[in-house]
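**Student:** One file: work.txt (compact mmCIF, C-alpha atoms).
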```
# COMPACT_ATOMS: atom_id res chain seq x y z
CA MET A 1 6.16 -8.42 57.93
CA THR A 2 8.47 -6.46 55.63
CA ALA A 3 6.97 -3.26 54.27
CA PRO A 4 6.30 -3.56 50.52
CA ARG A 5 7.96 -1.39 47.90
CA HIS A 6 5.63 0.94 46.00
CA PHE A 7 5.96 2.84 42.71
CA LEU A 8 4.00 6.04 43.25
CA GLN A 9 6.36 8.40 41.42
CA LEU A 10 9.51 7.92 39.38
CA SER A 11 11.78 9.19 42.15
CA ASP A 12 10.70 6.28 44.37
CA PHE A 13 13.34 4.25 42.51
CA SER A 14 17.06 4.88 42.18
CA ARG A 15 18.86 5.19 38.86
CA ASP A 16 20.30 1.71 39.41
CA GLU A 17 16.86 0.23 40.04
CA LEU A 18 15.42 1.91 36.95
CA GLU A 19 18.31 0.64 34.82
CA HIS A 20 17.63 -2.82 36.22
CA LEU A 21 13.99 -2.50 35.11
CA PHE A 22 15.15 -1.59 31.61
CA ALA A 23 17.48 -4.60 31.47
CA ARG A 24 14.61 -6.84 32.55
CA THR A 25 12.30 -5.13 30.05
CA ARG A 26 14.68 -5.93 27.18
CA TRP A 27 14.82 -9.59 28.22
CA ILE A 28 11.08 -9.95 28.90
CA LYS A 29 10.23 -8.24 25.61
CA SER A 30 12.64 -10.50 23.71
CA GLU A 31 11.07 -13.61 25.26
CA PHE A 32 7.60 -12.34 24.37
CA LYS A 33 8.58 -11.57 20.77
CA SER A 34 10.15 -15.03 20.47
CA TYR A 35 6.95 -16.72 21.73
CA ARG A 36 8.76 -18.15 24.74
CA ARG A 37 6.53 -18.45 27.78
CA TYR A 38 7.70 -16.66 30.92
CA TRP A 39 5.32 -17.10 33.84
CA PRO A 40 7.01 -15.88 37.03
CA LEU A 41 3.73 -14.64 38.52
CA VAL A 42 1.68 -17.84 38.30
CA ASP A 43 -1.07 -17.80 40.95
CA ARG A 44 -0.47 -14.08 41.62
CA THR A 45 -3.26 -11.54 41.24
CA LEU A 46 -3.24 -7.88 40.23
CA ALA A 47 -6.12 -5.61 41.30
CA MET A 48 -6.58 -2.67 38.91
CA ILE A 49 -8.55 0.19 40.45
CA PHE A 50 -9.82 2.82 38.00
CA GLU A 51 -11.39 6.15 38.81
CA LYS A 52 -10.21 7.64 35.48
CA GLN A 53 -11.02 6.14 32.10
CA SER A 54 -8.26 4.28 30.30
CA THR A 55 -7.26 2.38 27.18
CA ARG A 56 -3.50 1.87 27.31
CA THR A 57 -3.18 1.60 31.09
CA ARG A 58 -5.88 -1.03 31.48
CA LEU A 59 -4.83 -3.07 28.46
CA SER A 60 -1.10 -2.98 29.21
CA PHE A 61 -1.51 -3.99 32.86
CA GLU A 62 -4.19 -6.60 32.25
CA ALA A 63 -2.44 -8.20 29.27
CA GLY A 64 0.92 -7.88 31.01
CA MET A 65 -0.22 -9.72 34.12
CA HIS A 66 -1.71 -12.52 32.02
CA GLN A 67 1.52 -12.77 30.00
CA LEU A 68 3.44 -13.19 33.27
CA GLY A 69 1.14 -16.10 34.20
CA GLY A 70 -1.02 -14.23 36.70
CA ALA A 71 -4.56 -12.88 36.81
CA ALA A 72 -5.88 -9.32 36.72
CA ILE A 73 -9.11 -8.03 38.25
CA TYR A 74 -10.66 -4.78 37.00
CA LEU A 75 -12.35 -2.59 39.63
CA ASN A 76 -14.07 0.66 38.69
CA THR A 77 -14.65 2.92 41.67
CA LYS A 78 -18.20 3.59 40.44
CA ASP A 79 -18.96 -0.12 40.79
CA THR A 80 -17.38 -0.62 44.22
CA GLN A 81 -17.85 0.66 47.74
CA LEU A 82 -15.12 3.22 47.06
CA GLY A 83 -17.69 4.98 44.90
CA ARG A 84 -20.06 5.09 47.88
CA GLY A 85 -17.62 6.71 50.26
CA GLU A 86 -15.70 3.79 51.76
CA PRO A 87 -12.47 5.22 53.19
CA VAL A 88 -9.42 4.60 51.01
CA GLU A 89 -7.60 3.28 54.06
CA ASP A 90 -10.26 0.63 54.71
CA ALA A 91 -10.33 -0.43 51.06
CA ALA A 92 -6.55 -0.80 51.09
CA GLN A 93 -6.67 -3.04 54.16
CA VAL A 94 -9.20 -5.36 52.53
CA ILE A 95 -8.02 -5.41 48.92
CA SER A 96 -4.37 -5.94 49.83
CA ARG A 97 -5.31 -9.08 51.81
CA MET A 98 -6.85 -10.63 48.69
CA VAL A 99 -4.33 -9.83 45.94
CA ASP A 100 -0.57 -9.64 45.44
CA ILE A 101 -0.19 -6.22 43.81
CA VAL A 102 -2.42 -3.20 43.14
CA MET A 103 -2.46 -0.60 40.38
CA ILE A 104 -4.51 2.59 40.83
CA ARG A 105 -5.45 5.18 38.19
CA THR A 106 -7.11 8.11 39.89
CA TYR A 107 -7.18 11.89 40.26
CA GLU A 108 -5.40 12.92 43.43
CA GLN A 109 -1.87 11.75 44.24
CA SER A 110 -2.92 11.65 47.90
CA ILE A 111 -5.29 8.77 47.12
CA VAL A 112 -2.53 6.42 45.93
CA GLU A 113 -0.33 7.54 48.82
CA ARG A 114 -3.06 6.87 51.41
CA PHE A 115 -3.82 3.50 49.83
CA ALA A 116 -0.14 2.52 49.79
CA ALA A 117 0.31 3.54 53.41
CA HIS A 118 -2.30 0.95 54.45
CA SER A 119 -1.52 -1.76 51.87
CA ARG A 120 0.18 -5.06 52.63
CA VAL A 121 1.25 -5.41 48.97
CA PRO A 122 3.00 -3.20 46.39
CA VAL A 123 1.01 -0.34 44.90
CA ILE A 124 1.64 1.17 41.45
CA ASN A 125 0.55 4.62 40.36
CA GLY A 126 -1.15 4.06 37.00
CA LEU A 127 -1.71 7.83 36.68
CA THR A 128 -2.73 10.72 38.90
CA ASN A 129 -3.16 14.41 38.22
CA GLU A 130 0.36 14.92 39.54
CA TYR A 131 2.46 12.07 38.12
CA HIS A 132 2.47 9.40 35.43
CA PRO A 133 5.58 7.32 36.23
CA CYS A 134 4.67 4.26 34.15
CA GLN A 135 4.50 6.42 31.03
CA ILE A 136 7.98 7.84 31.51
CA LEU A 137 9.38 4.36 32.14
CA ALA A 138 8.12 3.41 28.68
CA ASP A 139 9.30 6.67 27.10
CA ILE A 140 12.88 6.42 28.37
CA PHE A 141 13.07 2.74 27.46
CA THR A 142 11.79 3.55 23.96
CA PHE A 143 14.41 6.25 23.50
CA ALA A 144 17.12 3.83 24.66
CA GLU A 145 15.93 1.24 22.11
CA GLN A 146 16.06 3.79 19.30
CA ARG A 147 18.98 6.06 20.19
CA GLY A 148 20.75 4.83 23.33
CA SER A 149 21.22 6.70 26.60
CA LEU A 150 19.59 10.07 27.26
CA ARG A 151 22.57 11.16 29.32
CA GLY A 152 23.85 14.55 28.21
CA LYS A 153 21.05 14.98 25.67
CA THR A 154 18.12 17.41 25.59
CA VAL A 155 14.43 16.57 25.85
CA ALA A 156 11.99 19.29 24.77
CA TRP A 157 8.58 19.39 26.40
CA ILE A 158 6.10 21.54 24.47
CA GLY A 159 2.80 22.42 26.15
CA ASP A 160 1.04 22.02 29.46
CA ALA A 161 3.15 21.42 32.56
CA ASN A 162 0.99 18.45 33.55
CA ASN A 163 1.47 15.06 35.23
CA VAL A 164 3.55 13.65 32.38
CA PHE A 165 5.81 16.70 32.42
CA ASN A 166 6.16 16.51 36.22
CA THR A 167 7.50 12.98 35.79
CA TRP A 168 9.90 14.02 33.03
CA LEU A 169 11.11 16.63 35.49
CA GLN A 170 11.92 13.89 38.01
CA ALA A 171 13.65 11.87 35.30
CA ALA A 172 16.08 14.63 34.26
CA PRO A 173 18.45 14.46 37.26
CA LEU A 174 18.00 10.68 37.59
CA PHE A 175 19.19 10.10 34.01
CA ASP A 176 21.37 13.21 33.73
CA PHE A 177 19.76 14.92 30.74
CA LYS A 178 18.51 18.46 30.18
CA LEU A 179 14.79 19.20 29.99
CA ASN A 180 13.68 22.22 27.96
CA VAL A 181 10.09 23.29 28.59
CA SER A 182 7.86 25.85 26.94
CA SER A 183 4.30 26.46 28.11
CA PRO A 184 1.85 29.32 27.62
CA ASP A 185 1.41 31.90 30.34
CA GLY A 186 -0.84 30.52 33.04
CA TYR A 187 0.09 26.90 32.32
CA ALA A 188 3.79 26.93 33.14
CA VAL A 189 5.66 24.63 35.47
CA ASP A 190 5.61 25.52 39.14
CA ALA A 191 8.76 27.41 40.10
CA ALA A 192 9.23 25.28 43.21
CA ARG A 193 9.46 22.14 41.05
CA ILE A 194 12.18 23.72 38.93
CA ALA A 195 14.08 24.82 42.02
CA ALA A 196 13.92 21.28 43.40
CA VAL A 197 15.45 19.86 40.23
CA GLY A 198 18.02 22.60 39.62
CA ARG A 199 18.82 24.73 36.59
CA ASN A 200 21.46 22.25 35.39
CA HIS A 201 18.66 19.92 34.35
CA VAL A 202 15.75 22.15 33.36
CA GLU A 203 15.34 25.41 31.44
CA THR A 204 12.16 27.29 30.57
CA PHE A 205 11.51 29.07 27.26
CA ALA A 206 8.86 31.57 26.24
CA ASP A 207 9.16 30.48 22.60
CA PRO A 208 8.51 26.76 21.96
CA MET A 209 10.82 26.84 18.93
CA ASP A 210 13.71 27.79 21.21
CA ALA A 211 12.87 24.91 23.54
CA ALA A 212 12.95 22.42 20.66
CA ARG A 213 16.17 23.70 19.12
CA GLY A 214 18.78 20.92 19.06
CA ALA A 215 16.68 18.52 21.13
CA ALA A 216 17.15 14.76 20.78
CA LEU A 217 13.53 14.19 21.74
CA VAL A 218 10.47 16.39 21.31
CA THR A 219 7.42 15.36 23.30
CA THR A 220 4.03 16.77 24.16
CA ASP A 221 0.56 15.89 25.42
CA VAL A 222 -3.02 16.96 24.80
CA TRP A 223 -3.86 20.57 25.55
CA THR A 224 -6.76 19.53 27.78
CA SER A 225 -5.96 16.69 30.15
CA MET A 226 -8.64 14.44 31.67
CA GLY A 227 -10.51 16.27 34.38
CA PHE A 228 -10.00 19.70 32.80
CA GLU A 229 -12.59 19.40 30.02
CA SER A 230 -14.44 22.51 31.17
CA GLU A 231 -11.32 24.54 30.28
CA GLY A 232 -11.17 23.13 26.74
CA ASP A 233 -12.02 26.27 24.76
CA ALA A 234 -9.77 28.51 26.84
CA ARG A 235 -6.91 26.06 26.51
CA LYS A 236 -7.27 25.86 22.72
CA ARG A 237 -6.85 29.62 22.53
CA ALA A 238 -3.91 29.66 24.96
CA PHE A 239 -2.03 26.75 23.35
CA GLU A 240 -2.52 27.50 19.65
CA ASP A 241 1.15 28.49 19.21
CA TRP A 242 2.36 25.40 21.09
CA GLN A 243 1.76 22.87 18.33
CA VAL A 244 4.53 20.43 17.39
CA ASP A 245 4.77 20.68 13.60
CA GLY A 246 7.31 19.96 10.88
CA GLU A 247 9.07 23.29 11.37
CA MET A 248 9.57 22.58 15.06
CA MET A 249 10.94 19.09 14.39
CA ARG A 250 13.37 20.56 11.85
CA ALA A 251 14.63 22.90 14.59
CA ALA A 252 15.41 19.87 16.75
CA SER A 253 18.37 17.56 16.17
CA ALA A 254 18.47 15.94 12.73
CA ASP A 255 17.77 12.51 14.22
CA ALA A 256 15.33 13.73 16.87
CA LEU A 257 12.42 11.52 17.88
CA PHE A 258 8.85 12.57 18.57
CA MET A 259 6.80 11.05 21.41
CA HIS A 260 3.25 11.47 22.71
CA CYS A 261 1.64 9.46 25.51
CA LEU A 262 -1.67 9.26 23.56
CA PRO A 263 -4.48 9.70 22.85
CA ALA A 264 -3.50 12.51 20.47
CA HIS A 265 -5.51 15.24 18.78
CA ARG A 266 -4.07 15.80 15.31
CA GLY A 267 -4.32 19.45 14.39
CA GLU A 268 -4.07 20.59 18.00
CA GLU A 269 -0.95 19.72 20.00
CA VAL A 270 0.65 17.92 17.04
CA THR A 271 0.21 17.83 13.29
CA ALA A 272 -0.51 14.64 11.37
CA GLU A 273 2.74 15.26 9.48
CA VAL A 274 4.70 14.77 12.69
CA ILE A 275 2.82 12.06 14.59
CA ASP A 276 2.45 9.92 11.46
CA GLY A 277 5.90 10.83 10.14
CA PRO A 278 9.27 9.05 10.20
CA GLN A 279 10.51 10.67 13.42
CA SER A 280 7.49 9.54 15.43
CA VAL A 281 7.86 6.50 17.68
CA VAL A 282 4.48 6.77 19.39
CA TRP A 283 3.40 3.22 18.54
CA ASP A 284 6.61 1.69 19.89
CA GLU A 285 6.21 3.95 22.92
CA ALA A 286 2.65 2.72 23.48
CA GLU A 287 3.65 -0.95 23.14
CA ASN A 288 6.51 -0.50 25.57
CA ARG A 289 4.04 0.36 28.33
CA LEU A 290 3.27 -3.38 28.25
CA HIS A 291 6.86 -4.55 28.55
CA THR A 292 8.18 -2.00 31.07
CA GLN A 293 5.20 -2.63 33.35
CA LYS A 294 5.80 -6.37 33.22
CA ALA A 295 9.34 -5.74 34.45
CA LEU A 296 7.97 -3.39 37.12
CA MET A 297 5.47 -5.96 38.42
CA GLU A 298 8.10 -8.69 38.43
CA PHE A 299 10.42 -6.47 40.48
CA LEU A 300 7.78 -5.37 42.99
CA VAL A 301 6.39 -8.88 43.58
CA LEU A 302 9.53 -11.03 43.33
CA GLY A 303 12.41 -8.63 43.96
CA ARG A 304 15.50 -8.23 41.86
CA ILE A 305 16.04 -10.97 39.27
CA GLU A 306 19.29 -10.61 37.39
CA THR A 307 19.25 -10.97 33.62
CA GLN A 308 21.66 -13.69 32.47
```
The structure given in the file should be rewritten as structure tokens.
**Tutor:**
Amino acid sequence: MTAPRHFLQLSDFSRDELEHLFARTRWIKSEFKSYRRYWPLVDRTLAMIFEKQSTRTRLSFEAGMHQLGGAAIYLNTKDTQLGRGEPVEDAAQVISRMVDIVMIRTYEQSIVERFAAHSRVPVINGLTNEYHPCQILADIFTFAEQRGSLRGKTVAWIGDANNVFNTWLQAAPLFDFKLNVSSPDGYAVDAARIAAVGRNHVETFADPMDAARGAALVTTDVWTSMGFESEGDARKRAFEDWQVDGEMMRAASADALFMHCLPAHRGEEVTAEVIDGPQSVVWDEAENRLHTQKALMEFLVLGRIETQ
């Protein structure tokens, strides 16, 4: 039996494979928008395992699998034996004998890695504390739709060096762009991660305005990510100068885009002027989770299908 491919972090795929996903995304999205049925995954089943709450991840995977002709099953760890201490390895052995692909949204990266190591079918990381690869697939595809290639351009990350940022960091050398990052003291990116990527692709800034200057894309996330709610008040104080506002967007490139993985807190990490303004593409970005993940599932289950 051939070992399945998994998508546990962005760097699991090559640049060529990611570009293939984007080509398939464009075609699949066009078919969907034209009301042409495309059901390559008829009689295939996706198991969606959630330990963390979700809106966009659940809806995009569940709707996406249905739109590809397959079925999706929602499993919350609180309602399964996983919530009662069943080993991840045992659950993987059983679940992967009953479905064709698995998506997991959980806390620790080690959980998806342990599950994948014992799974007979492809496993997708729907989000962990460390990485959010499906989000960055949608973000880069959205930028390409709006502005073309990111190659040689600058992306500014303003705020917490969290799971979304860690995935942007992996994307920078893969797609050959520069990543500027500015985070408050105590919340900065790990130096080892920067060293692994190299200074040609990432630069840190004490002042968020300097990070945004000339950027083609400015992006951020909530100040308090899921699982860190107890730090909420401290984070609000630490991050108060790391808000993306109109002044910061004016410091970026004249045609810069703004992105946010959502949900957003207007008045905290971003102002209403920006997220609801003309440079914001957050709704296209959110929709593209659906289409990029359909291309991802097609690739993992069926292999490479060339777009005609």
**Student:** Please provide as a list in words all residues within 7 Å of range 5-15 of chain A, with the sequence filter that same-chain residues fewer than 3 positions apart are discarded (counting all atoms listed in the file).
**Tutor:**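 Counting only the stated atoms, we get Leu18, Glu19, Pro122, Val123, Ile124, Asn125, Tyr131, Pro133, Thr167, Gln170, Leu174, Phe175 and Leu300 of chain A.
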**Student:** Store the residues picked out above in a file with C-alpha atoms, as a PDB file, in the coordinates of the input.
**Tutor:**
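The result, stored in part.pdb:
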```pdb
ATOM      1  CA  LEU A  18      15.420   1.910  36.950  1.00  0.00           C
ATOM      2  CA  GLU A  19      18.310   0.640  34.820  1.00  0.00           C
ATOM      3  CA  PRO A 122       3.000  -3.200  46.390  1.00  0.00           C
ATOM      4  CA  VAL A 123       1.010  -0.340  44.900  1.00  0.00           C
ATOM      5  CA  ILE A 124       1.640   1.170  41.450  1.00  0.00           C
ATOM      6  CA  ASN A 125       0.550   4.620  40.360  1.00  0.00           C
ATOM      7  CA  TYR A 131       2.460  12.070  38.120  1.00  0.00           C
ATOM      8  CA  PRO A 133       5.580   7.320  36.230  1.00  0.00           C
ATOM      9  CA  THR A 167       7.500  12.980  35.790  1.00  0.00           C
ATOM     10  CA  GLN A 170      11.920  13.890  38.010  1.00  0.00           C
ATOM     11  CA  LEU A 174      18.000  10.680  37.590  1.00  0.00           C
ATOM     12  CA  PHE A 175      19.190  10.100  34.010  1.00  0.00           C
ATOM     13  CA  LEU A 300       7.780  -5.370  42.990  1.00  0.00           C
TER      14      LEU A 300
END
```
**Student:** Set the distance at 7 Å and use all atoms listed in the file: which residues neighbour range 269-281 of chain A once local chain neighbours fewer than 6 positions away are removed? I'd like the list as a list in words.
**Tutor:**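 With the cut-off at 7 Å, the set is Asp221, Val222, Trp223, Trp242, Gln243, Val244, Asp245, Gly246, Ala256, Leu257, Phe258 and Met259 of chain A.
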**Student:** Name the residues in contact with Lys294 in chain A at a cut-off of 8 Å, using only C-alpha atoms, excluding same-chain residues fewer than 2 positions from it; report them as an MDAnalysis selection string.
**Tutor:** chainID A and resid 25 28 61 64:65 68 290:292 296:298
**Student:** Within 8 Å of Ser253 in chain A, counting only C-alpha atoms, which residues qualify if same-chain residues fewer than 3 places away don't, as a CSV table (one decimal) with C-alpha atoms, keeping the file's coordinate frame?
**Tutor:**
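Once everything was written out, this is result39.csv:
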```
chain,number,residue,atom,x,y,z
A,213,ARG,CA,16.2,23.7,19.1
A,214,GLY,CA,18.8,20.9,19.1
A,215,ALA,CA,16.7,18.5,21.1
A,216,ALA,CA,17.2,14.8,20.8
A,249,MET,CA,10.9,19.1,14.4
A,250,ARG,CA,13.4,20.6,11.8
A,256,ALA,CA,15.3,13.7,16.9
```
**Student:** How far is it from CA of Pro4 in chain A to CA of Ala295 in chain A, in Å with one decimal?
**Tutor:**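 Separation between CA of Pro4 in chain A and CA of Ala295 in chain A: 16.5 Å.
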**Student:** To one decimal place in Å, what is the distance between CA of Met209 in chain A and CA of Arg266 in chain A?
**Tutor:** 18.9 Å
**Student:** Quick one: residues within 8 Å of range 171-173 of chain A, only C-alpha atoms counted, chain neighbours fewer than 6 positions away excluded, as a ChimeraX atom specification?
**Tutor:** /A:10-11,136,179,197,201-202
**Student:** Which value, in Å to one decimal, gives the distance between CA of Ala251 in chain A and CA of Gly152 in chain A?
**Tutor:** 18.4 Å
**Student:** List the residues sitting within 12 Å of (5.1, 29.5, 28.8) in the file's frame, using only C-alpha atoms, as a short mmCIF file (atom, residue, chain, number, x, y, z; two decimals) with C-alpha atoms, in the frame of the given file.
**Tutor:**
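Dumped everything to result.cif:
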```
data_model
loop_
_atom_site.label_atom_id
_atom_site.label_comp_id
_atom_site.auth_asym_id
_atom_site.auth_seq_id
_atom_site.Cartn_x
_atom_site.Cartn_y
_atom_site.Cartn_z
CA TRP A 157 8.58 19.39 26.40
CA ILE A 158 6.10 21.54 24.47
CA GLY A 159 2.80 22.42 26.15
CA ASP A 160 1.04 22.02 29.46
CA ALA A 161 3.15 21.42 32.56
CA ASN A 180 13.68 22.22 27.96
CA VAL A 181 10.09 23.29 28.59
CA SER A 182 7.86 25.85 26.94
CA SER A 183 4.30 26.46 28.11
CA PRO A 184 1.85 29.32 27.62
CA ASP A 185 1.41 31.90 30.34
CA GLY A 186 -0.84 30.52 33.04
CA TYR A 187 0.09 26.90 32.32
CA ALA A 188 3.79 26.93 33.14
CA VAL A 189 5.66 24.63 35.47
CA ASP A 190 5.61 25.52 39.14
CA GLU A 203 15.34 25.41 31.44
CA THR A 204 12.16 27.29 30.57
CA PHE A 205 11.51 29.07 27.26
CA ALA A 206 8.86 31.57 26.24
CA ASP A 207 9.16 30.48 22.60
CA PRO A 208 8.51 26.76 21.96
CA MET A 209 10.82 26.84 18.93
CA ASP A 210 13.71 27.79 21.21
CA ALA A 211 12.87 24.91 23.54
CA ALA A 238 -3.91 29.66 24.96
CA PHE A 239 -2.03 26.75 23.35
CA ASP A 241 1.15 28.49 19.21
CA TRP A 242 2.36 25.40 21.09
#
```
**Student:** Within 7 Å of (-9.9, -5.4, 34.0) (coordinates as in the file), grab all the protein and nucleic acid residues, counting all atoms listed in the file, and write them out as a list in words.
**Tutor:**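 Residues with an atom at most 7 Å from (-9.9, -5.4, 34.0): Met48, Arg58, Glu62, Ala72, Ile73, Tyr74 and Leu75 of chain A.
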**Student:** For Ala92 in chain A, which residue among A:Val155, A:Ile111, A:Leu262, A:Val42 is the nearest when counting all atoms listed in the file?
**Tutor:**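 For Ala92 in chain A, the nearest of the given residues is A:Ile111.
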**Student:** Could I see range 251-274 of chain A restored to N, CA and C atoms, set down as a short mmCIF file (atom, residue, chain, number, x, y, z; two decimals), keeping the file's coordinate frame?
**Tutor:**
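Output saved as selection30.cif:
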```cif
data_model
loop_
_atom_site.label_atom_id
_atom_site.label_comp_id
_atom_site.auth_asym_id
_atom_site.auth_seq_id
_atom_site.Cartn_x
_atom_site.Cartn_y
_atom_site.Cartn_z
N ALA A 251 13.78 22.12 13.68
CA ALA A 251 14.63 22.90 14.59
C ALA A 251 15.35 22.00 15.58
N ALA A 252 14.78 20.84 15.84
CA ALA A 252 15.41 19.87 16.75
C ALA A 252 16.60 19.22 16.06
N SER A 253 17.25 18.30 16.75
CA SER A 253 18.37 17.56 16.17
C SER A 253 17.91 16.81 14.92
N ALA A 254 18.83 16.58 14.00
CA ALA A 254 18.47 15.94 12.73
C ALA A 254 17.88 14.56 12.92
N ASP A 255 18.30 13.85 13.97
CA ASP A 255 17.77 12.51 14.22
C ASP A 255 16.83 12.49 15.43
N ALA A 256 16.22 13.63 15.72
CA ALA A 256 15.33 13.73 16.87
C ALA A 256 14.12 12.81 16.72
N LEU A 257 13.63 12.32 17.84
CA LEU A 257 12.42 11.52 17.88
C LEU A 257 11.26 12.36 18.39
N PHE A 258 10.05 11.95 18.02
CA PHE A 258 8.85 12.57 18.57
C PHE A 258 8.08 11.53 19.37
N MET A 259 7.61 11.92 20.57
CA MET A 259 6.80 11.05 21.41
C MET A 259 5.55 11.77 21.89
N HIS A 260 4.53 10.98 22.18
CA HIS A 260 3.25 11.47 22.71
C HIS A 260 2.65 10.31 23.48
N CYS A 261 2.15 10.56 24.68
CA CYS A 261 1.64 9.46 25.51
C CYS A 261 0.30 8.92 25.01
N LEU A 262 -0.39 9.66 24.14
CA LEU A 262 -1.67 9.26 23.56
C LEU A 262 -2.78 9.23 24.62
N PRO A 263 -4.02 9.44 24.21
CA PRO A 263 -4.48 9.70 22.85
C PRO A 263 -4.07 11.10 22.38
N ALA A 264 -3.94 11.25 21.06
CA ALA A 264 -3.50 12.51 20.47
C ALA A 264 -4.63 13.16 19.68
N HIS A 265 -4.56 14.47 19.58
CA HIS A 265 -5.51 15.24 18.78
C HIS A 265 -4.76 15.89 17.63
N ARG A 266 -4.75 15.23 16.48
CA ARG A 266 -4.07 15.80 15.31
C ARG A 266 -4.70 17.15 14.95
N GLY A 267 -3.85 18.10 14.69
CA GLY A 267 -4.32 19.45 14.39
C GLY A 267 -4.38 20.35 15.60
N GLU A 268 -4.18 19.78 16.78
CA GLU A 268 -4.07 20.59 18.00
C GLU A 268 -2.62 20.56 18.48
N GLU A 269 -2.30 19.70 19.44
CA GLU A 269 -0.95 19.72 20.00
C GLU A 269 0.11 19.19 19.04
N VAL A 270 -0.30 18.46 18.01
CA VAL A 270 0.65 17.92 17.04
C VAL A 270 -0.02 17.81 15.68
N THR A 271 0.75 18.00 14.63
CA THR A 271 0.21 17.83 13.29
C THR A 271 0.30 16.38 12.87
N ALA A 272 -0.55 16.00 11.92
CA ALA A 272 -0.51 14.64 11.37
C ALA A 272 0.84 14.37 10.73
N GLU A 273 1.43 15.40 10.11
CA GLU A 273 2.74 15.26 9.48
C GLU A 273 3.79 14.73 10.45
N VAL A 274 3.71 15.16 11.69
CA VAL A 274 4.70 14.77 12.69
C VAL A 274 4.36 13.42 13.32
#
```
